[in-house]
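Asks: Data file structure_18.csv (CSV, C-alpha atoms) is appended below.
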chain,number,residue,atom,x,y,z
J,1,MET,CA,27.4,7.8,-16.0
J,2,PRO,CA,29.2,10.2,-18.3
J,3,ASP,CA,27.2,12.0,-20.9
J,4,GLY,CA,29.5,11.2,-23.8
J,5,LEU,CA,28.6,9.5,-27.0
J,6,ALA,CA,29.9,6.1,-25.8
J,7,SER,CA,27.2,6.0,-23.1
J,8,VAL,CA,24.3,6.5,-25.5
J,9,LYS,CA,21.8,3.6,-25.3
J,10,PRO,CA,21.2,2.1,-28.7
J,11,ILE,CA,17.8,2.3,-30.4
J,12,THR,CA,16.9,-0.7,-32.5
J,13,VAL,CA,14.9,0.8,-35.3
J,14,PRO,CA,12.8,-1.7,-37.3
J,15,GLU,CA,13.7,-2.2,-41.0
J,16,GLY,CA,11.7,0.1,-43.2
J,17,THR,CA,11.2,2.8,-40.7
J,18,ARG,CA,11.4,6.3,-42.2
J,19,VAL,CA,10.4,8.3,-39.1
J,20,VAL,CA,11.3,7.7,-35.5
J,21,VAL,CA,8.9,9.6,-33.2
J,22,LEU,CA,10.3,10.3,-29.7
J,23,PHE,CA,7.4,10.3,-27.2
J,24,GLY,CA,8.8,11.4,-23.9
J,25,GLY,CA,7.0,11.8,-20.6
J,26,SER,CA,7.0,10.7,-17.0
J,27,PHE,CA,4.4,7.9,-17.7
J,28,ASP,CA,3.6,7.8,-14.0
J,29,PRO,CA,1.5,5.8,-14.8
J,30,PRO,CA,1.1,5.5,-18.6
J,31,HIS,CA,-2.6,5.8,-19.4
J,32,ARG,CA,-4.9,5.0,-22.3
J,33,SER,CA,-4.6,8.5,-23.7
J,34,HIS,CA,-0.8,8.1,-24.0
J,35,LEU,CA,-1.2,4.7,-25.6
J,36,ALA,CA,-4.0,5.8,-28.0
J,37,PHE,CA,-1.8,8.7,-29.2
J,38,ALA,CA,1.1,6.4,-29.8
J,39,ARG,CA,-1.2,4.2,-32.0
J,40,LEU,CA,-2.6,7.3,-33.7
J,41,ILE,CA,0.9,8.4,-34.6
J,42,ASN,CA,1.9,5.0,-35.9
J,43,GLU,CA,-1.3,4.8,-38.0
J,44,THR,CA,-1.1,8.4,-39.3
J,45,ILE,CA,2.6,9.0,-40.1
J,46,HIS,CA,3.7,6.7,-42.9
J,47,ASP,CA,6.5,4.2,-42.0
J,48,SER,CA,6.8,5.6,-38.5
J,49,TRP,CA,8.0,3.9,-35.3
J,50,VAL,CA,7.0,5.4,-31.9
J,51,CYS,CA,9.8,5.4,-29.3
J,52,MET,CA,8.5,5.9,-25.8
J,53,VAL,CA,11.1,7.8,-23.6
J,54,PRO,CA,10.4,7.7,-19.9
J,55,ALA,CA,11.9,10.7,-18.2
J,56,ALA,CA,14.2,10.5,-15.3
J,57,ARG,CA,13.0,13.9,-13.9
J,58,SER,CA,11.2,16.7,-15.7
J,59,PRO,CA,12.6,20.2,-15.3
J,60,PHE,CA,9.0,21.4,-15.0
J,61,LYS,CA,7.9,19.1,-12.2
J,62,ILE,CA,9.0,19.6,-8.6
J,63,ASP,CA,8.5,16.1,-7.4
J,64,ALA,CA,10.2,13.0,-8.6
J,65,PRO,CA,8.0,10.3,-10.2
J,66,GLY,CA,6.0,8.2,-7.8
J,67,ALA,CA,7.0,4.9,-9.5
J,68,THR,CA,10.6,3.9,-10.1
J,69,GLY,CA,12.0,4.0,-13.6
J,70,GLU,CA,11.9,0.2,-13.9
J,71,GLN,CA,8.2,0.2,-12.8
J,72,ARG,CA,7.3,2.8,-15.4
J,73,VAL,CA,9.1,0.9,-18.1
J,74,ASP,CA,7.3,-2.3,-17.0
J,75,MET,CA,3.9,-0.4,-17.2
J,76,LEU,CA,4.7,1.0,-20.7
J,77,ARG,CA,5.5,-2.5,-22.0
J,78,LEU,CA,2.3,-3.9,-20.5
J,79,GLY,CA,0.3,-1.0,-21.9
J,80,LEU,CA,1.7,-1.3,-25.4
J,81,HIS,CA,1.0,-5.1,-25.3
J,82,ASP,CA,-2.6,-4.4,-24.2
J,83,ILE,CA,-3.3,-2.2,-27.2
J,84,GLN,CA,-1.5,-4.7,-29.5
J,85,LEU,CA,1.2,-2.2,-30.6
J,86,GLY,CA,4.0,-4.5,-31.5
J,87,SER,CA,7.8,-4.0,-31.6
J,88,HIS,CA,7.6,-3.1,-35.3
J,89,GLN,CA,5.3,-0.2,-34.4
J,90,ALA,CA,6.6,1.0,-31.1
J,91,GLY,CA,9.3,0.5,-28.5
J,92,ILE,CA,10.9,2.0,-25.3
J,93,TRP,CA,14.2,3.8,-25.1
J,94,THR,CA,15.5,4.1,-21.5
J,95,ASP,CA,18.5,6.4,-22.2
J,96,GLU,CA,17.2,9.2,-19.9
J,97,LEU,CA,16.8,6.7,-17.0
J,98,ASP,CA,20.1,5.1,-17.7
J,99,ARG,CA,21.8,8.5,-17.4
J,100,GLY,CA,20.7,8.7,-13.7
J,101,GLY,CA,18.1,10.6,-11.8
J,102,ARG,CA,19.2,14.1,-12.8
J,103,THR,CA,16.9,16.5,-14.7
J,104,SER,CA,16.1,15.4,-18.2
J,105,TYR,CA,16.5,18.1,-20.8
J,106,PHE,CA,15.0,17.1,-24.1
J,107,ILE,CA,17.7,18.8,-26.3
J,108,GLU,CA,20.2,16.4,-24.8
J,109,THR,CA,18.0,13.4,-25.5
J,110,LEU,CA,17.3,14.6,-29.0
J,111,ARG,CA,21.0,15.1,-29.8
J,112,ARG,CA,21.9,11.7,-28.3
J,113,ALA,CA,19.1,10.0,-30.3
J,114,ARG,CA,20.4,11.5,-33.5
J,115,THR,CA,23.7,9.6,-32.9
J,116,VAL,CA,22.1,6.2,-32.7
J,117,VAL,CA,19.2,6.6,-35.2
J,118,PRO,CA,20.2,5.9,-38.8
J,119,PRO,CA,21.1,9.1,-40.6
J,120,ASP,CA,18.5,8.5,-43.3
J,121,VAL,CA,15.7,8.3,-40.7
J,122,THR,CA,13.8,11.4,-39.7
J,123,ILE,CA,13.3,12.1,-36.0
J,124,ARG,CA,10.2,13.8,-34.7
J,125,PHE,CA,9.1,14.4,-31.1
J,126,VAL,CA,5.9,14.6,-29.1
J,127,PHE,CA,4.9,17.1,-26.5
J,128,GLY,CA,1.6,18.0,-24.9
J,129,SER,CA,-0.3,21.1,-25.8
J,130,ASP,CA,-0.2,22.1,-22.1
J,131,GLN,CA,3.5,22.7,-22.8
J,132,LEU,CA,2.9,24.8,-25.9
J,133,ALA,CA,2.8,28.1,-23.9
J,134,ALA,CA,5.9,27.0,-22.0
J,135,PHE,CA,7.9,25.6,-24.9
J,136,HIS,CA,10.0,28.7,-25.1
J,137,ARG,CA,11.3,27.9,-21.6
J,138,TRP,CA,12.6,24.5,-22.8
J,139,ARG,CA,16.4,24.5,-23.0
J,140,ASP,CA,17.5,25.5,-26.5
J,141,ALA,CA,13.9,25.4,-27.9
J,142,HIS,CA,14.9,26.9,-31.2
J,143,ALA,CA,17.7,24.3,-31.6
J,144,ILE,CA,15.1,21.6,-30.9
J,145,LEU,CA,12.9,22.8,-33.8
J,146,SER,CA,16.0,22.9,-36.0
J,147,LEU,CA,16.7,19.2,-35.3
J,148,ALA,CA,13.2,17.7,-35.2
J,149,ALA,CA,9.6,18.6,-36.1
J,150,PRO,CA,7.1,18.4,-33.3
J,151,ILE,CA,3.9,16.4,-32.9
J,152,ILE,CA,1.5,17.9,-30.4
J,153,LEU,CA,-0.7,15.9,-28.1
J,154,MET,CA,-3.7,18.1,-27.8
J,155,ARG,CA,-5.1,18.0,-24.3
J,156,GLY,CA,-8.5,19.3,-23.1
J,157,GLY,CA,-8.9,22.1,-20.6
J,158,SER,CA,-7.0,24.7,-22.5
J,159,GLU,CA,-8.3,27.8,-24.3
J,160,LEU,CA,-6.9,26.3,-27.5
J,161,ALA,CA,-8.8,23.0,-27.2
J,162,THR,CA,-12.2,24.3,-28.1
J,163,ARG,CA,-13.5,21.2,-29.9
J,164,PRO,CA,-13.8,17.5,-29.2
J,165,THR,CA,-11.3,16.7,-32.0
J,166,VAL,CA,-8.6,18.5,-33.8
J,167,ASP,CA,-9.8,20.1,-37.0
J,168,GLN,CA,-8.5,22.6,-39.4
J,169,ALA,CA,-10.1,25.5,-37.6
J,170,MET,CA,-8.3,24.6,-34.4
J,171,ILE,CA,-5.0,24.3,-36.3
J,172,ASP,CA,-5.6,27.8,-37.7
J,173,ASP,CA,-6.4,29.1,-34.2
J,174,VAL,CA,-3.1,27.6,-32.8
J,175,ARG,CA,-1.1,29.1,-35.7
J,176,GLN,CA,-2.6,32.5,-35.1
J,177,TRP,CA,-2.0,32.2,-31.3
J,178,LEU,CA,1.6,31.3,-31.9
J,179,ALA,CA,2.1,34.2,-34.3
J,180,ARG,CA,0.4,36.6,-31.9
J,181,GLU,CA,1.6,35.4,-28.4
J,182,GLY,CA,3.7,32.3,-28.8
J,183,GLY,CA,4.0,31.8,-25.1
J,184,CYS,CA,5.9,35.0,-24.7
J,185,GLU,CA,8.4,34.1,-27.3
J,186,THR,CA,9.0,35.4,-30.8
J,187,TRP,CA,8.8,32.4,-33.2
J,188,SER,CA,9.8,32.8,-36.8
J,189,PRO,CA,7.1,32.3,-39.4
J,190,GLU,CA,8.8,29.0,-40.3
J,191,GLU,CA,8.7,27.9,-36.6
J,192,VAL,CA,5.0,28.9,-36.3
J,193,ASP,CA,4.2,26.7,-39.3
J,194,GLN,CA,6.3,23.9,-37.9
J,195,LEU,CA,4.6,24.0,-34.5
J,196,ALA,CA,1.0,24.3,-35.9
J,197,ALA,CA,1.7,21.4,-38.4
J,198,GLY,CA,2.4,19.2,-35.4
J,199,LEU,CA,-1.3,18.9,-34.7
J,200,ILE,CA,-2.9,15.8,-36.2
J,201,GLU,CA,-6.2,16.5,-37.7
J,202,GLY,CA,-8.9,14.2,-36.4
J,203,GLN,CA,-7.1,13.5,-33.1
J,204,PRO,CA,-9.7,13.1,-30.3
J,205,ILE,CA,-9.0,15.5,-27.4
J,206,GLU,CA,-8.6,13.9,-24.0
J,207,ASP,CA,-8.3,15.5,-20.6
J,208,THR,CA,-6.7,12.6,-18.8
J,209,ALA,CA,-3.8,13.3,-16.4
J,210,SER,CA,-1.5,10.9,-14.6
J,211,THR,CA,-2.0,13.1,-11.5
J,212,GLN,CA,-5.7,12.5,-11.6
J,213,ILE,CA,-5.2,8.8,-12.0
J,214,ARG,CA,-2.8,8.6,-9.0
J,215,MET,CA,-5.4,10.3,-6.8
J,216,LEU,CA,-8.1,7.9,-8.0
J,217,LEU,CA,-5.9,5.0,-7.1
J,218,THR,CA,-6.2,6.0,-3.5
J,219,GLU,CA,-10.0,5.5,-3.7
J,220,GLN,CA,-10.8,1.8,-4.0
J,221,SER,CA,-14.4,2.7,-5.0
J,222,ARG,CA,-13.3,4.3,-8.2
J,223,SER,CA,-12.2,1.1,-10.0
J,224,ILE,CA,-14.8,1.5,-12.8
J,225,LEU,CA,-13.4,4.9,-13.8
J,226,LEU,CA,-9.9,3.5,-13.5
J,227,ASN,CA,-10.7,0.7,-15.9
J,228,ARG,CA,-11.6,3.4,-18.5
J,229,LEU,CA,-8.3,5.3,-17.9
J,230,LEU,CA,-5.8,2.4,-17.6
J,231,THR,CA,-5.4,-0.7,-19.6
J,232,PRO,CA,-6.1,-4.0,-17.7
J,233,SER,CA,-2.4,-5.1,-17.4
J,234,VAL,CA,-1.3,-1.7,-16.2
J,235,LEU,CA,-4.0,-1.5,-13.5
J,236,ALA,CA,-3.3,-5.0,-12.4
J,237,TYR,CA,0.4,-4.2,-12.1
J,238,ILE,CA,-0.3,-1.1,-10.1
J,239,ARG,CA,-2.5,-3.1,-7.7
J,240,ARG,CA,0.1,-5.9,-7.4
J,241,GLU,CA,3.0,-3.5,-6.7
J,242,GLU,CA,0.8,-1.3,-4.5
J,243,LEU,CA,1.9,1.8,-6.3
J,244,TYR,CA,0.6,5.3,-5.5
J,245,LYS,CA,-1.3,4.3,-2.4
J,246,ASP,CA,-0.1,7.3,-0.5
J,247,ASP,CA,0.2,9.7,-3.5
J,248,THR,CA,-2.5,12.2,-2.5
J,249,ASP,CA,-0.6,15.5,-2.3
J,250,ASP,CA,-0.2,16.4,-6.0
The structure given in the file should be rewritten as structure tokens.

Replies:
Amino acid sequence: MPDGLASVKPITVPEGTRVVVLFGGSFDPPHRSHLAFARLINETIHDSWVCMVPAARSPFKIDAPGATGEQRVDMLRLGLHDIQLGSHQAGIWTDELDRGGRTSYFIETLRRARTVVPPDVTIRFVFGSDQLAAFHRWRDAHAILSLAAPIILMRGGSELATRPTVDQAMIDDVRQWLAREGGCETWSPEEVDQLAAGLIEGQPIEDTASTQIRMLLTEQSRSILLNRLLTPSVLAYIRREELYKDDTDD
């Protein structure tokens, strides 16, 4: 499919929306932490609408997703329904999938979204704190920050995630780290403030990974743990479709 403007998939933004938050990821599978963060965004950012954007292929992942694009979209729909996040609060944009299986660069997605989101609506975007040190390697990272402000999904297991929830002290630590190291990039003071401001104070810090879940799905005895990591409809769908049964190598 050509990457011209005529091929951009529309986004139906609910009336009254002032901020569209692009939440991209493989969602392979979407787990409770993804969905809980979508709800936190919707509840925290006034007049926001969360737009889940399943990636065709991440430039930072060697392997293609284990589930098909259609299956990942189905699981996202089921997960959003399970947590009762309605269409006026969140939706799914399949533009990256519709563009084919090539690598998904977020700057392209962001620029395309800007052409179909009303001009008076602000666009923000989500990325995980595990990508904070690598953000300078994203294509046109400075241009991304000039177009949209980030919201950071803080994940456990990193040197920056030193507390069970995000608090002001952690935000200050991240700001100092960005100014000092910045993932081997020199960010301007304005960019440092913009990145640090992407942390939502009070956010619970989770350490759930889709890779971990796919490994657990190969062990039938781990169903109790899986029930804590996946919503009921998503887990039932995975079982019904027999997904990830042989996904033990990553």

Asks: Enumerate, as an NGL selection string, the protein, DNA and RNA residues whose atoms approach (9.6, 14.4, -33.4) to within 6 Å, taking into account only C-alpha atoms and the coordinate frame of the file.

Replies: :J and (21-22 or 123-126 or 148-150)

Asks: Kindly save the residues from that selection, with C-alpha atoms included, as a compact mmCIF listing (two decimals), in the coordinates of the input.

Replies:
# COMPACT_ATOMS: atom_id res chain seq x y z
CA VAL J 21 8.90 9.60 -33.20
CA LEU J 22 10.30 10.30 -29.70
CA ILE J 123 13.30 12.10 -36.00
CA ARG J 124 10.20 13.80 -34.70
CA PHE J 125 9.10 14.40 -31.10
CA VAL J 126 5.90 14.60 -29.10
CA ALA J 148 13.20 17.70 -35.20
CA ALA J 149 9.60 18.60 -36.10
CA PRO J 150 7.10 18.40 -33.30

Asks: Excluding same-chain residues fewer than 3 positions from Asp167 in chain J, what lies within 7 Å of it counting all atoms listed in the file, as a ChimeraX atom specification?

Replies: /J:170-171,201-202

Asks: Do a neighbour search on Leu160 in chain J at 10 Å with only C-alpha atoms, toss out local chain neighbours closer than 4 positions, and write the hits as a list of chain:residue names.

Replies: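 Within the cut-off, the hits are J:Ser129, J:Asp130, J:Met154, J:Arg155, J:Gly156, J:Met170, J:Ile171, J:Asp173, J:Val174, J:Trp177.
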
Asks: The selected residues should be written to file as a CSV table (one decimal), in the coordinates of the input (atoms: C-alpha atoms).

Replies:
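And here's out_29.csv as it stands now:
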chain,number,residue,atom,x,y,z
J,129,SER,CA,-0.3,21.1,-25.8
J,130,ASP,CA,-0.2,22.1,-22.1
J,154,MET,CA,-3.7,18.1,-27.8
J,155,ARG,CA,-5.1,18.0,-24.3
J,156,GLY,CA,-8.5,19.3,-23.1
J,170,MET,CA,-8.3,24.6,-34.4
J,171,ILE,CA,-5.0,24.3,-36.3
J,173,ASP,CA,-6.4,29.1,-34.2
J,174,VAL,CA,-3.1,27.6,-32.8
J,177,TRP,CA,-2.0,32.2,-31.3

Asks: Closest to Val192 in chain J among J:Pro164, J:Leu230, J:His142, J:Gly86, using all atoms listed in the file?

Replies: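 Of the candidates, the smallest distance to Val192 in chain J is held by J:His142.
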
Asks: Dump as a short mmCIF file (atom, residue, chain, number, x, y, z; two decimals) with C-alpha atoms, in the coordinates of the input all residues having an atom at most 10 Å from (3.6, 22.2, -38.1), computed in the file's coordinates with all atoms listed in the file.

Replies:
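As a result, out24.cif now contains:
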data_model
loop_
_atom_site.label_atom_id
_atom_site.label_comp_id
_atom_site.auth_asym_id
_atom_site.auth_seq_id
_atom_site.Cartn_x
_atom_site.Cartn_y
_atom_site.Cartn_z
CA ALA J 149 9.60 18.60 -36.10
CA PRO J 150 7.10 18.40 -33.30
CA ILE J 151 3.90 16.40 -32.90
CA ILE J 152 1.50 17.90 -30.40
CA ILE J 171 -5.00 24.30 -36.30
CA ARG J 175 -1.10 29.10 -35.70
CA GLU J 190 8.80 29.00 -40.30
CA GLU J 191 8.70 27.90 -36.60
CA VAL J 192 5.00 28.90 -36.30
CA ASP J 193 4.20 26.70 -39.30
CA GLN J 194 6.30 23.90 -37.90
CA LEU J 195 4.60 24.00 -34.50
CA ALA J 196 1.00 24.30 -35.90
CA ALA J 197 1.70 21.40 -38.40
CA GLY J 198 2.40 19.20 -35.40
CA LEU J 199 -1.30 18.90 -34.70
CA ILE J 200 -2.90 15.80 -36.20
#

Asks: List the spatial neighbours of His81 in chain J as a PyMOL selection string - criterion: any atom at most 12 Å away, all atoms listed in the file, same-chain residues fewer than 6 positions off excluded.

Replies: chain J and resi 35+39+74-75+87+89-91+231-234

Asks: For range 25-115 of chain J against range 9-17 of chain J, with a cut-off of 8 Å and counting only C-alpha atoms, what is the closest atom pair and its distance in Å to one decimal for every residue that makes the cut, ordered by chain and number, as a tab-separated table?

Replies:
residue	atom	partner	partner_atom	distance
J:Asp47	CA	J:Thr17	CA	5.1
J:Ser48	CA	J:Thr17	CA	5.7
J:Trp49	CA	J:Thr17	CA	6.4
J:Ser87	CA	J:Pro14	CA	7.9
J:His88	CA	J:Pro14	CA	5.7
J:Trp93	CA	J:Ile11	CA	6.6
J:Thr94	CA	J:Lys9	CA	7.4
J:Asp95	CA	J:Lys9	CA	5.3
J:Asp98	CA	J:Lys9	CA	7.9
J:Ala113	CA	J:Ile11	CA	7.8

Asks: I want to know what sits within 12 Å of Arg139 in chain J, based on all atoms listed in the file, with residues of the same chain fewer than 2 positions away left out; could you give that as a list in words?

Replies: Ser58, Pro59, Phe60, Thr103, Ser104, Tyr105, Phe106, Ile107, Glu108, Thr109, Leu110, Ala134, Phe135, His136, Arg137, Ala141, His142, Ala143, Ile144 and Leu145 of chain J

Asks: Between CA of Ala236 in chain J and CA of Phe27 in chain J, what is the distance, to one decimal in Å?

Replies: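 CA of Ala236 in chain J sits 15.9 Å away from CA of Phe27 in chain J.
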
Asks: Using all atoms of range 184-198 of chain J that appear in the file, construct an axis-aligned enclosing box with 4 Å of padding on every side and provide its centre coordinates and edge lengths in Å, rounded to one decimal, as lines of an AutoDock Vina configuration file.

Replies:
center_x = 5.4
center_y = 27.3
center_z = -32.5
size_x = 16.8
size_y = 24.2
size_z = 23.6

Asks: Quick one: pull the distance between CA of His46 in chain J and CA of Ser146 in chain J, Å, one decimal.

Replies: 21.5 Å

Asks: Measuring atom to atom with all atoms listed in the file, identify which of J:His34, J:Arg18, J:Arg228, J:Lys245 is nearest to Gly128 in chain J.

Replies: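 Among J:His34, J:Arg18, J:Arg228, J:Lys245, it is J:His34 that comes nearest to Gly128 in chain J.
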
Asks: Pick out the residues sitting within 8 Å of Pro54 in chain J, and hand them over as a ChimeraX atom specification; count all atoms listed in the file, and ignore anything fewer than 5 positions along from it in its own chain.

Replies: /J:24-27,69,72-73,92-94,96-97

Asks: Using only C-alpha atoms, which residue out of J:His31, J:Glu242, J:Val8, J:Gln203 lies closest to Thr44 in chain J?

Replies: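 Smallest separation from Thr44 in chain J among the options: J:Gln203.
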
Asks: Quick one, how far is CA of Cys51 in chain J from CA of Phe23 in chain J?

Replies: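 Going from CA of Cys51 in chain J over to CA of Phe23 in chain J covers 5.8 Å.
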
Asks: Which of these, J:Ile83, J:Val121, J:Val50, J:Leu216, has the shortest distance to Leu243 in chain J once you count all atoms listed in the file?

Replies: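 Going through J:Ile83, J:Val121, J:Val50, J:Leu216 one by one, the smallest distance to Leu243 in chain J is for J:Leu216.
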